[in-house]
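Asker: Handing over data_16.tsv, TSV, C-alpha atoms.
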```tsv
chain	number	residue	atom	x	y	z
A	828	MET	CA	80.01	-12.68	-9.75
A	829	ALA	CA	83.09	-13.40	-7.69
A	830	TYR	CA	82.45	-15.82	-4.90
A	831	VAL	CA	84.98	-16.37	-2.21
A	832	ILE	CA	85.65	-20.04	-1.89
A	833	ASP	CA	85.83	-20.92	1.74
A	834	ILE	CA	85.41	-24.61	2.45
A	835	GLU	CA	85.90	-24.16	6.16
A	836	ALA	CA	82.99	-21.73	6.26
A	837	ASP	CA	80.89	-24.39	4.61
A	838	ASP	CA	82.01	-26.96	7.16
A	839	ARG	CA	81.17	-24.58	10.00
A	840	ILE	CA	77.64	-24.30	8.73
A	841	ALA	CA	77.38	-28.06	8.43
A	842	ASP	CA	78.53	-28.36	12.04
A	843	ARG	CA	76.29	-25.53	13.24
A	844	THR	CA	79.29	-24.15	15.09
A	845	GLY	CA	81.18	-20.92	14.73
A	846	PRO	CA	79.90	-17.78	13.04
A	847	ARG	CA	77.45	-18.27	10.19
A	848	PRO	CA	78.56	-16.55	7.01
A	849	LEU	CA	76.06	-15.23	4.47
A	850	ARG	CA	74.31	-18.19	2.93
A	851	ASP	CA	74.47	-16.90	-0.63
A	852	LEU	CA	70.83	-17.43	-1.67
A	853	TYR	CA	70.76	-20.82	-0.04
A	854	PHE	CA	67.04	-21.56	-0.31
A	855	MET	CA	66.91	-20.17	-3.82
A	856	ARG	CA	69.59	-22.67	-4.78
A	857	VAL	CA	67.78	-25.56	-3.11
A	858	MET	CA	64.74	-24.67	-5.24
A	859	THR	CA	66.61	-24.16	-8.52
A	860	THR	CA	68.64	-27.34	-7.98
A	861	GLY	CA	65.38	-29.25	-7.49
A	862	LEU	CA	63.93	-27.48	-10.52
A	863	GLY	CA	67.03	-28.51	-12.49
A	864	PHE	CA	66.36	-32.16	-11.72
A	865	LEU	CA	62.69	-31.68	-12.56
A	866	LEU	CA	63.52	-30.09	-15.91
A	867	PHE	CA	66.05	-32.84	-16.60
A	868	GLY	CA	63.35	-35.44	-15.99
A	869	LEU	CA	60.67	-33.56	-17.91
A	870	PHE	CA	62.73	-32.65	-20.97
A	871	GLY	CA	64.52	-35.98	-20.80
A	872	THR	CA	61.16	-37.70	-21.14
A	873	ILE	CA	60.01	-35.44	-23.99
A	874	LEU	CA	63.30	-35.78	-25.84
A	875	GLY	CA	63.63	-39.49	-25.11
A	876	PHE	CA	60.11	-40.48	-26.17
A	877	LEU	CA	59.33	-37.94	-28.89
A	878	VAL	CA	62.38	-36.15	-30.30
A	879	VAL	CA	64.79	-39.09	-30.50
A	880	PRO	CA	62.30	-41.25	-32.48
A	881	LEU	CA	61.70	-38.26	-34.75
A	882	LEU	CA	65.45	-37.79	-35.32
A	883	LEU	CA	65.74	-41.50	-36.08
A	884	VAL	CA	63.04	-41.57	-38.74
A	885	LEU	CA	64.46	-38.57	-40.58
A	886	PRO	CA	66.45	-39.80	-43.58
A	887	GLY	CA	70.18	-40.36	-43.41
A	888	ALA	CA	72.77	-43.06	-42.83
A	889	ARG	CA	73.18	-44.67	-39.41
A	890	SER	CA	76.16	-42.44	-38.63
A	891	ALA	CA	74.20	-39.30	-39.59
A	892	ARG	CA	71.31	-40.25	-37.32
A	893	GLN	CA	73.73	-41.04	-34.51
A	894	ALA	CA	75.42	-37.65	-34.95
A	895	ARG	CA	72.00	-35.99	-34.86
A	896	VAL	CA	71.08	-37.65	-31.57
A	897	ARG	CA	74.45	-36.77	-30.03
A	898	ARG	CA	73.95	-33.17	-31.10
A	899	MET	CA	70.51	-33.10	-29.53
A	900	ILE	CA	71.88	-34.48	-26.25
A	901	ARG	CA	74.71	-31.93	-26.33
A	902	LEU	CA	72.35	-29.01	-26.90
A	903	ALA	CA	69.99	-30.23	-24.16
A	904	PHE	CA	72.90	-30.49	-21.72
A	905	ARG	CA	74.15	-27.10	-22.85
A	906	ALA	CA	70.72	-25.70	-21.99
A	907	LEU	CA	70.81	-27.42	-18.59
A	908	VAL	CA	74.26	-25.97	-17.88
A	909	GLY	CA	72.93	-22.54	-18.91
A	910	PHE	CA	69.94	-22.94	-16.62
A	911	MET	CA	72.09	-23.96	-13.64
A	912	ASN	CA	74.50	-21.10	-14.30
A	913	GLN	CA	71.81	-18.45	-14.82
A	914	THR	CA	69.77	-19.44	-11.79
A	915	GLY	CA	72.86	-19.53	-9.61
A	916	CYS	CA	72.92	-23.27	-8.84
A	917	ILE	CA	76.51	-23.39	-9.98
A	918	SER	CA	79.14	-21.30	-11.67
A	919	TYR	CA	81.80	-22.80	-13.90
A	920	THR	CA	84.90	-22.15	-15.93
A	921	PHE	CA	85.86	-24.48	-18.77
A	922	SER	CA	88.38	-23.04	-21.19
A	923	GLY	CA	90.19	-24.56	-24.14
A	924	THR	CA	87.26	-26.76	-25.14
A	925	SER	CA	88.15	-26.35	-28.82
A	926	THR	CA	90.88	-28.96	-28.28
A	927	LEU	CA	88.22	-31.53	-27.36
A	928	GLY	CA	86.28	-33.68	-29.79
A	929	ARG	CA	89.12	-34.74	-32.09
A	930	PRO	CA	89.16	-38.10	-33.92
A	931	GLY	CA	90.46	-40.99	-31.83
A	932	GLN	CA	90.68	-38.78	-28.75
A	933	LEU	CA	89.93	-40.40	-25.40
A	934	VAL	CA	88.81	-37.68	-22.98
A	935	ILE	CA	89.18	-38.81	-19.38
A	936	ALA	CA	88.06	-36.96	-16.26
A	937	ASN	CA	87.80	-37.41	-12.54
A	938	HIS	CA	84.25	-37.63	-11.26
A	939	PRO	CA	83.45	-35.59	-8.14
A	940	SER	CA	79.87	-34.63	-9.04
A	941	LEU	CA	76.75	-35.54	-10.95
A	942	VAL	CA	77.24	-32.40	-13.06
A	943	ASP	CA	80.59	-33.59	-14.53
A	944	ILE	CA	79.06	-35.63	-17.29
A	945	VAL	CA	76.61	-32.85	-18.12
A	946	LEU	CA	79.45	-30.33	-18.51
A	947	LEU	CA	81.59	-32.68	-20.58
A	948	ILE	CA	78.83	-33.76	-22.95
A	949	ALA	CA	77.72	-30.12	-23.25
A	950	PHE	CA	81.17	-28.97	-24.36
A	951	VAL	CA	82.73	-31.90	-26.27
A	952	PRO	CA	81.25	-31.90	-29.76
A	953	GLY	CA	80.31	-35.19	-31.39
A	954	ALA	CA	81.67	-37.34	-28.60
A	955	ALA	CA	80.51	-40.77	-27.57
A	956	CYS	CA	80.49	-41.55	-23.91
A	957	VAL	CA	80.78	-44.46	-21.49
A	958	VAL	CA	77.77	-43.97	-19.22
A	959	LYS	CA	76.36	-45.94	-16.37
A	960	ARG	CA	74.36	-49.02	-17.14
A	961	ALA	CA	71.33	-47.65	-15.33
A	962	ALA	CA	70.66	-45.43	-18.35
A	963	TRP	CA	69.77	-48.56	-20.34
A	964	ARG	CA	67.16	-49.48	-17.72
A	965	ASN	CA	65.62	-45.99	-17.69
A	966	PRO	CA	62.71	-45.94	-20.18
A	967	SER	CA	63.18	-42.26	-21.07
A	968	MET	CA	66.93	-42.65	-21.62
A	969	VAL	CA	67.34	-46.05	-23.21
A	970	LEU	CA	66.45	-45.00	-26.74
A	971	ALA	CA	68.68	-41.91	-26.58
A	972	VAL	CA	71.78	-43.68	-25.25
A	973	HIS	CA	71.25	-46.49	-27.72
A	974	ALA	CA	70.69	-44.17	-30.69
A	975	ALA	CA	73.67	-42.02	-29.68
A	976	GLY	CA	75.88	-45.11	-29.70
A	977	TYR	CA	76.95	-44.63	-26.09
A	978	VAL	CA	78.69	-47.49	-24.29
A	979	ALA	CA	77.35	-49.05	-21.09
A	980	ASN	CA	79.86	-49.03	-18.28
A	981	SER	CA	80.97	-52.39	-16.91
A	982	PRO	CA	84.43	-53.86	-16.41
A	983	THR	CA	83.80	-56.37	-19.16
A	984	GLU	CA	85.10	-57.33	-22.53
A	985	THR	CA	81.99	-55.89	-24.18
A	986	MET	CA	82.64	-52.39	-22.82
A	987	ILE	CA	86.36	-52.50	-23.65
A	988	GLU	CA	85.65	-53.72	-27.17
A	989	GLN	CA	82.84	-51.27	-27.89
A	990	ALA	CA	84.85	-48.34	-26.52
A	991	SER	CA	87.94	-49.36	-28.51
A	992	ALA	CA	85.91	-49.80	-31.69
A	993	LEU	CA	84.53	-46.24	-31.36
A	994	LEU	CA	88.00	-44.75	-30.95
A	995	GLY	CA	89.39	-46.96	-33.71
A	996	SER	CA	86.77	-45.67	-36.14
A	997	GLY	CA	87.87	-42.10	-35.43
A	998	GLU	CA	85.31	-40.99	-32.88
A	999	CYS	CA	86.00	-39.08	-29.69
A	1000	LEU	CA	85.10	-40.88	-26.45
A	1001	ILE	CA	84.50	-39.55	-22.94
A	1002	MET	CA	85.30	-41.88	-20.04
A	1003	PHE	CA	85.51	-41.57	-16.27
A	1004	PRO	CA	88.30	-43.95	-15.21
A	1005	GLU	CA	86.94	-43.98	-11.67
A	1006	GLY	CA	83.80	-45.64	-13.00
A	1007	THR	CA	81.60	-43.91	-10.46
A	1008	ARG	CA	81.55	-40.67	-8.52
A	1009	THR	CA	84.27	-40.25	-5.93
A	1010	ARG	CA	83.28	-39.54	-2.38
A	1011	PRO	CA	84.82	-36.18	-1.54
A	1012	ASP	CA	86.65	-37.57	1.47
A	1013	GLN	CA	88.25	-40.40	-0.46
A	1014	PRO	CA	91.13	-40.40	-2.92
A	1015	ALA	CA	90.37	-41.06	-6.59
A	1016	HIS	CA	90.42	-44.74	-7.48
A	1017	PHE	CA	91.23	-45.24	-11.14
A	1018	HIS	CA	90.23	-48.53	-12.70
A	1019	ARG	CA	92.33	-50.02	-15.48
A	1020	GLY	CA	89.48	-50.08	-18.00
A	1021	ALA	CA	90.25	-46.61	-19.38
A	1022	ALA	CA	93.97	-47.37	-19.77
A	1023	SER	CA	93.13	-50.66	-21.43
A	1024	VAL	CA	90.85	-48.88	-23.92
A	1025	ALA	CA	93.53	-46.21	-24.47
A	1026	LEU	CA	96.17	-48.83	-25.25
A	1027	ARG	CA	93.90	-50.63	-27.67
A	1028	ALA	CA	92.70	-47.73	-29.74
A	1029	ALA	CA	93.23	-44.15	-28.56
A	1030	HIS	CA	95.21	-41.77	-30.70
A	1031	VAL	CA	95.65	-39.43	-27.75
A	1032	VAL	CA	94.36	-39.33	-24.17
A	1033	THR	CA	93.29	-35.87	-23.04
A	1034	PRO	CA	92.78	-35.44	-19.31
A	1035	VAL	CA	90.21	-32.98	-17.95
A	1036	PHE	CA	90.70	-31.99	-14.33
A	1037	ILE	CA	87.43	-31.22	-12.56
A	1038	ARG	CA	87.40	-29.34	-9.30
A	1039	VAL	CA	84.25	-28.44	-7.43
A	1040	ARG	CA	84.42	-26.11	-4.48
A	1041	PRO	CA	82.54	-26.63	-2.23
A	1042	PRO	CA	81.70	-30.28	-2.96
A	1043	HIS	CA	78.38	-30.47	-4.84
A	1044	LEU	CA	76.03	-33.32	-5.84
A	1045	SER	CA	78.60	-35.82	-4.73
A	1046	LYS	CA	77.86	-39.39	-3.91
A	1047	ALA	CA	77.71	-38.95	-0.17
A	1048	VAL	CA	75.14	-36.14	-0.11
A	1049	PRO	CA	71.44	-35.87	-1.12
A	1050	TRP	CA	70.72	-33.29	-3.83
A	1051	TYR	CA	68.79	-30.86	-1.61
A	1052	ARG	CA	71.71	-30.43	0.78
A	1053	VAL	CA	73.30	-27.70	-1.31
A	1054	PRO	CA	76.50	-26.09	-0.02
A	1055	ALA	CA	76.29	-22.77	1.85
A	1056	ILE	CA	77.90	-20.92	-1.03
A	1057	ARG	CA	77.39	-21.38	-4.73
A	1058	PRO	CA	79.56	-24.29	-5.93
A	1059	HIS	CA	82.11	-23.40	-8.58
A	1060	TYR	CA	83.16	-25.94	-11.19
A	1061	SER	CA	86.62	-25.41	-12.58
A	1062	LEU	CA	87.45	-27.61	-15.57
A	1063	THR	CA	90.95	-27.47	-16.98
A	1064	ILE	CA	92.44	-29.48	-19.81
A	1065	GLY	CA	95.80	-31.15	-19.30
A	1066	ALA	CA	98.44	-31.90	-21.93
A	1067	GLY	CA	97.56	-34.85	-24.14
A	1068	ILE	CA	99.06	-38.24	-23.27
A	1069	ASP	CA	100.45	-40.35	-26.11
A	1070	PRO	CA	99.64	-44.01	-25.37
A	1071	ALA	CA	102.22	-45.31	-27.91
A	1072	PRO	CA	105.14	-45.81	-25.47
A	1073	TYR	CA	102.91	-47.96	-23.25
A	1074	ARG	CA	102.17	-50.26	-26.18
A	1075	GLU	CA	105.76	-51.46	-26.22
A	1076	ARG	CA	105.12	-53.58	-23.13
A	1077	PRO	CA	102.63	-56.48	-22.90
A	1078	ALA	CA	99.07	-55.07	-22.62
A	1079	PRO	CA	98.47	-55.94	-18.93
A	1080	ILE	CA	101.76	-54.31	-17.90
A	1081	GLY	CA	101.21	-51.30	-20.17
A	1082	SER	CA	97.71	-50.69	-18.83
A	1083	ARG	CA	98.99	-50.85	-15.24
A	1084	MET	CA	101.74	-48.35	-16.03
A	1085	LEU	CA	99.35	-46.02	-17.84
A	1086	THR	CA	96.85	-46.20	-14.96
A	1087	GLU	CA	99.62	-45.32	-12.50
A	1088	TYR	CA	100.53	-42.42	-14.76
A	1089	PHE	CA	96.89	-41.24	-14.83
A	1090	LYS	CA	96.82	-41.36	-11.02
A	1091	SER	CA	99.98	-39.35	-10.52
A	1092	TYR	CA	98.99	-36.90	-13.28
A	1093	TYR	CA	95.63	-36.33	-11.59
A	1094	ALA	CA	97.14	-36.04	-8.15
A	1095	SER	CA	99.39	-33.21	-9.33
A	1096	GLY	CA	96.88	-31.75	-11.81
A	1097	LEU	CA	94.13	-31.41	-9.21
A	1098	ARG	CA	96.55	-29.79	-6.80
A	1099	ALA	CA	97.70	-27.30	-9.42
A	1100	THR	CA	94.31	-26.18	-10.75
B	1056	MET	CA	97.91	-77.09	-38.80
B	1057	SER	CA	98.76	-73.94	-40.69
B	1058	ARG	CA	95.26	-72.54	-40.11
B	1059	HIS	CA	96.23	-72.18	-36.46
B	1060	ALA	CA	99.29	-70.10	-37.25
B	1061	ALA	CA	99.30	-67.04	-35.03
B	1062	GLY	CA	102.11	-64.81	-36.13
B	1063	ARG	CA	104.98	-64.41	-33.75
B	1064	HIS	CA	103.32	-66.22	-30.88
B	1065	PRO	CA	103.84	-69.90	-30.13
B	1066	VAL	CA	100.91	-71.97	-31.25
B	1067	ILE	CA	98.99	-74.15	-28.88
B	1068	GLN	CA	98.17	-77.05	-31.17
B	1069	LEU	CA	95.21	-79.34	-30.84
B	1070	MET	CA	96.72	-80.86	-27.77
B	1071	HIS	CA	95.16	-83.64	-25.84
B	1072	ASP	CA	97.90	-83.36	-23.33
B	1073	THR	CA	97.19	-80.99	-20.45
B	1074	ASP	CA	100.89	-80.98	-19.50
B	1075	ALA	CA	101.78	-79.50	-22.87
B	1076	ILE	CA	99.03	-76.89	-22.47
B	1077	PHE	CA	100.33	-76.05	-19.02
B	1078	ASN	CA	103.85	-75.51	-20.33
B	1079	GLU	CA	102.67	-73.27	-23.16
B	1080	LEU	CA	100.40	-71.39	-20.79
B	1081	ARG	CA	103.20	-70.87	-18.30
B	1082	ALA	CA	105.36	-69.31	-21.02
B	1083	THR	CA	102.43	-67.11	-22.13
B	1084	LEU	CA	101.57	-65.93	-18.61
B	1085	ALA	CA	105.22	-65.28	-17.80
B	1086	GLU	CA	105.58	-63.11	-20.89
B	1087	LEU	CA	102.23	-61.33	-20.80
B	1088	PHE	CA	102.29	-60.49	-17.08
B	1089	GLU	CA	106.06	-60.43	-16.66
B	1090	LEU	CA	105.88	-63.12	-13.98
B	1091	ASP	CA	108.57	-65.43	-12.68
B	1092	PRO	CA	107.67	-68.82	-14.26
B	1093	ALA	CA	108.38	-70.47	-10.91
B	1094	ARG	CA	105.31	-68.72	-9.46
B	1095	ILE	CA	103.07	-70.23	-12.12
B	1096	THR	CA	102.12	-73.56	-10.59
B	1097	PRO	CA	98.86	-75.48	-11.19
B	1098	ASP	CA	97.63	-74.50	-7.73
B	1099	ALA	CA	98.40	-70.79	-8.11
B	1100	ARG	CA	95.24	-68.68	-7.92
B	1101	LEU	CA	95.06	-66.22	-10.80
B	1102	LEU	CA	93.67	-63.27	-8.86
B	1103	GLU	CA	95.12	-63.72	-5.39
B	1104	ASP	CA	98.54	-65.18	-6.22
B	1105	LEU	CA	99.28	-63.86	-9.71
B	1106	GLU	CA	97.25	-60.63	-9.60
B	1107	ILE	CA	95.53	-61.40	-12.89
B	1108	ASP	CA	92.13	-59.67	-12.70
B	1109	SER	CA	89.07	-59.41	-14.94
B	1110	ILE	CA	90.59	-56.69	-17.14
B	1111	ASP	CA	93.74	-58.82	-17.56
B	1112	ALA	CA	91.53	-61.77	-18.45
B	1113	ILE	CA	90.40	-59.83	-21.53
B	1114	ASP	CA	94.01	-59.44	-22.72
B	1115	LEU	CA	94.75	-63.07	-21.84
B	1116	LEU	CA	91.75	-64.36	-23.81
B	1117	ASP	CA	92.83	-62.21	-26.76
B	1118	ARG	CA	96.20	-63.91	-26.67
B	1119	LEU	CA	94.71	-67.39	-26.26
B	1120	ARG	CA	92.46	-66.79	-29.28
B	1121	ARG	CA	95.49	-66.02	-31.38
B	1122	GLN	CA	97.44	-68.96	-29.99
B	1123	THR	CA	94.71	-71.54	-30.42
B	1124	GLY	CA	93.00	-70.11	-33.47
B	1125	ARG	CA	89.73	-70.86	-31.69
B	1126	LYS	CA	86.79	-68.65	-30.91
B	1127	ILE	CA	87.05	-68.35	-27.14
B	1128	THR	CA	84.25	-66.68	-25.25
B	1129	ILE	CA	84.62	-65.47	-21.70
B	1130	GLU	CA	81.66	-67.62	-20.65
B	1131	GLY	CA	83.72	-70.81	-20.63
B	1132	PHE	CA	86.23	-69.14	-18.29
B	1133	ARG	CA	83.97	-67.62	-15.65
B	1134	SER	CA	84.55	-70.39	-13.12
B	1135	VAL	CA	88.33	-70.37	-13.62
B	1136	ARG	CA	90.13	-69.61	-10.35
B	1137	THR	CA	93.51	-71.36	-10.59
B	1138	VAL	CA	96.09	-72.07	-13.28
B	1139	HIS	CA	94.87	-75.67	-13.24
B	1140	ASP	CA	91.27	-74.49	-13.94
B	1141	LEU	CA	92.59	-72.42	-16.82
B	1142	VAL	CA	94.49	-75.37	-18.32
B	1143	GLN	CA	91.30	-77.46	-18.11
B	1144	ALA	CA	89.26	-74.71	-19.76
B	1145	ILE	CA	91.76	-74.34	-22.61
B	1146	HIS	CA	91.86	-78.14	-22.95
B	1147	ARG	CA	88.09	-78.17	-23.37
B	1148	VAL	CA	88.21	-75.40	-25.97
B	1149	VAL	CA	90.98	-76.86	-28.13
B	1150	ASN	CA	89.60	-80.39	-28.07
B	1151	GLU	CA	85.97	-79.68	-28.74
B	1152	GLY	CA	84.49	-80.01	-32.23
```
What does the file become when written as structure tokens?
Answerer:
Amino acid sequence: MAYVIDIEADDRIADRTGPRPLRDLYFMRVMTTGLGFLLFGLFGTILGFLVVPLLLVLPGARSARQARVRRMIRLAFRALVGFMNQTGCISYTFSGTSTLGRPGQLVIANHPSLVDIVLLIAFVPGAACVVKRAAWRNPSMVLAVHAAGYVANSPTETMIEQASALLGSGECLIMFPEGTRTRPDQPAHFHRGAASVALRAAHVVTPVFIRVRPPHLSKAVPWYRVPAIRPHYSLTIGAGIDPAPYRERPAPIGSRMLTEYFKSYYASGLRAT
Amino acid sequence: MSRHAAGRHPVIQLMHDTDAIFNELRATLAELFELDPARITPDARLLEDLEIDSIDAIDLLDRLRRQTGRKITIEGFRSVRTVHDLVQAIHRVVNEG
């Protein structure tokens, strides 16, 4: 299952110049990628309209029902990851996941692909997540994200307060400080929201470095334009960052310093992985 | 006015005087954003001149809530562009009701 990662070969194919290397089941991957989206939509609808309401009417406290819905989402995403891996859409490595999902832990990650959030939710047990607002406008998702206690992404007080409250009550929270997917040709742009949340309530900030080679399901490219070789996702976990020293300065200064630290940590972390 | 006590931070009292609010605000902004007080003039634009953005506004409103003891919502501050606008908005908040 070893695939040689050769970005230049991929570029050559895109340019239609130079020798054409073996396409590594290209059309198969176009089909299974499409099927992946189809399954996501299909099962998302079934889960969103039937299973989530069922989980909500089962007895238990609010927190128990919320945990149930999060578990369902995690298992569904785990199944989707398994499907993508088995059919050859992607391959991935993600080790050390047992250190994720701790109380008050803010898990941050860069965001090169649509699959990032699927991988993180699939492997971080019990976590809440800041997800894009569009999920609250999607009829098959709105109940699930609401019942799971996820936070809608926006650079507003509401998001910062909800995210901080989750961490403060001992939950684990996943956040993409870039806010949206990065275009592969552009450097990561970290917003201060994540640092601001970290300063308010995180016990520890754990960075996950996500590398996708070749670029896959990124913002600039339609889904059916799959890379010539199977994309490999490499997720590595960096050393935890203690936000306490940044709390000694006024909040706006501390959040700027912490954001700068995130940036430099990611710049070196993504080079090293 | 003990109900407006706000711990270690100076208290903006129920001031009718916008000059007094401006002076308190200048001290607050200088401390919170580590700015030279000389840069904080009524005409200074928060975003362009002082680099105070929407995320900073959340921290600033937190501080103003503690200083004034008032419930301050971000709605009353949406049209604020300059330090002068901010003084007027705080003036409205502390003198209403």
Asker: When you look at Val896 in chain A with a cut-off of 10 Å (counting all atoms listed in the file), what residues show up, excluding the ones that are within fewer than 6 positions of it in the same chain? I need them as an mmCIF file with C-alpha atoms, in the coordinates of the input.
Answerer:
```
data_model
loop_
_atom_site.group_PDB
_atom_site.id
_atom_site.type_symbol
_atom_site.label_atom_id
_atom_site.label_comp_id
_atom_site.auth_asym_id
_atom_site.auth_seq_id
_atom_site.Cartn_x
_atom_site.Cartn_y
_atom_site.Cartn_z
ATOM 1 C CA LEU A 874 63.300 -35.780 -25.840
ATOM 2 C CA VAL A 878 62.380 -36.150 -30.300
ATOM 3 C CA VAL A 879 64.790 -39.090 -30.500
ATOM 4 C CA PRO A 880 62.300 -41.250 -32.480
ATOM 5 C CA LEU A 881 61.700 -38.260 -34.750
ATOM 6 C CA LEU A 882 65.450 -37.790 -35.320
ATOM 7 C CA LEU A 883 65.740 -41.500 -36.080
ATOM 8 C CA SER A 890 76.160 -42.440 -38.630
ATOM 9 C CA LEU A 902 72.350 -29.010 -26.900
ATOM 10 C CA GLY A 953 80.310 -35.190 -31.390
ATOM 11 C CA LEU A 970 66.450 -45.000 -26.740
ATOM 12 C CA ALA A 971 68.680 -41.910 -26.580
ATOM 13 C CA VAL A 972 71.780 -43.680 -25.250
ATOM 14 C CA HIS A 973 71.250 -46.490 -27.720
ATOM 15 C CA ALA A 974 70.690 -44.170 -30.690
ATOM 16 C CA ALA A 975 73.670 -42.020 -29.680
ATOM 17 C CA GLY A 976 75.880 -45.110 -29.700
#
```
Asker: Looking at all atoms listed in the file, which of A:His938, A:Arg1008, A:Arg1027, A:His1043 is the one that sits closest to Ile1113 in chain B?
Answerer: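 Counting all atoms listed in the file, the residue closest to Ile1113 in chain B is A:Arg1027.
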Asker: Would you work out the distance separating CA of Thr1063 in chain A from CA of Phe921 in chain A, expressed in Å to one decimal?
Answerer: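 Those two atoms sit 6.2 Å apart.
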Asker: Within 10 Å of chain A, which residues of chain B are there when counting all atoms listed in the file? Please give them as a list in words.
Answerer: Glu1086, Leu1087, Phe1088, Glu1089, Ile1107, Asp1108, Ser1109, Ile1110, Asp1111, Ala1112, Ile1113, Asp1114, Leu1115, Leu1116, Thr1128 and Ile1129 of chain B
Asker: Just want the 12 Å neighbourhood of range 977-980 of chain A, counted on all atoms listed in the file, with same-chain residues fewer than 6 positions away dropped. Output as a PyMOL selection string.
Answerer: chain A and resi 893-894+896-897+900+948+953-964+968-971+986-994+998-1007+1018+1020-1021
Asker: Write out as number ranges by chain which residues come within 12 Å of Leu1080 in chain B when counting only C-alpha atoms, dropping same-chain ones fewer than 3 positions away.
Answerer: B: 1064-1067, 1073-1077, 1083-1088, 1092, 1095-1097, 1115-1116, 1118-1119, 1122-1123, 1138-1146
Asker: Could you please determine the separation between CA of Ala1015 in chain A and CA of Tyr1073 in chain A in Å, to one decimal place?
Answerer: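 Computed distance, CA of Ala1015 in chain A to CA of Tyr1073 in chain A, equals 22.0 Å.
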Asker: In Å, how far is it from CA of Thr1086 in chain A to CA of Ile1037 in chain A?
Answerer: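 One can read the CA of Thr1086 in chain A to CA of Ile1037 in chain A distance as 17.9 Å.
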Asker: Please list as JSON, numbers by chain every residue within 8 Å of Pro939 in chain A, counting all atoms listed in the file and excluding residues in the same chain fewer than 5 positions away.
Answerer: {"A": [1008, 1009, 1010, 1011, 1037, 1038, 1039, 1042, 1043, 1045, 1046]}
Asker: Could you list, as a list in words, every residue within 6 Å of range 855-863 of chain A, counting all atoms listed in the file and ignoring same-chain residues fewer than 2 positions away?
Answerer: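 Returned residues: Leu852, Tyr853, Leu865, Leu866, Cys916 and Tyr1051 of chain A.
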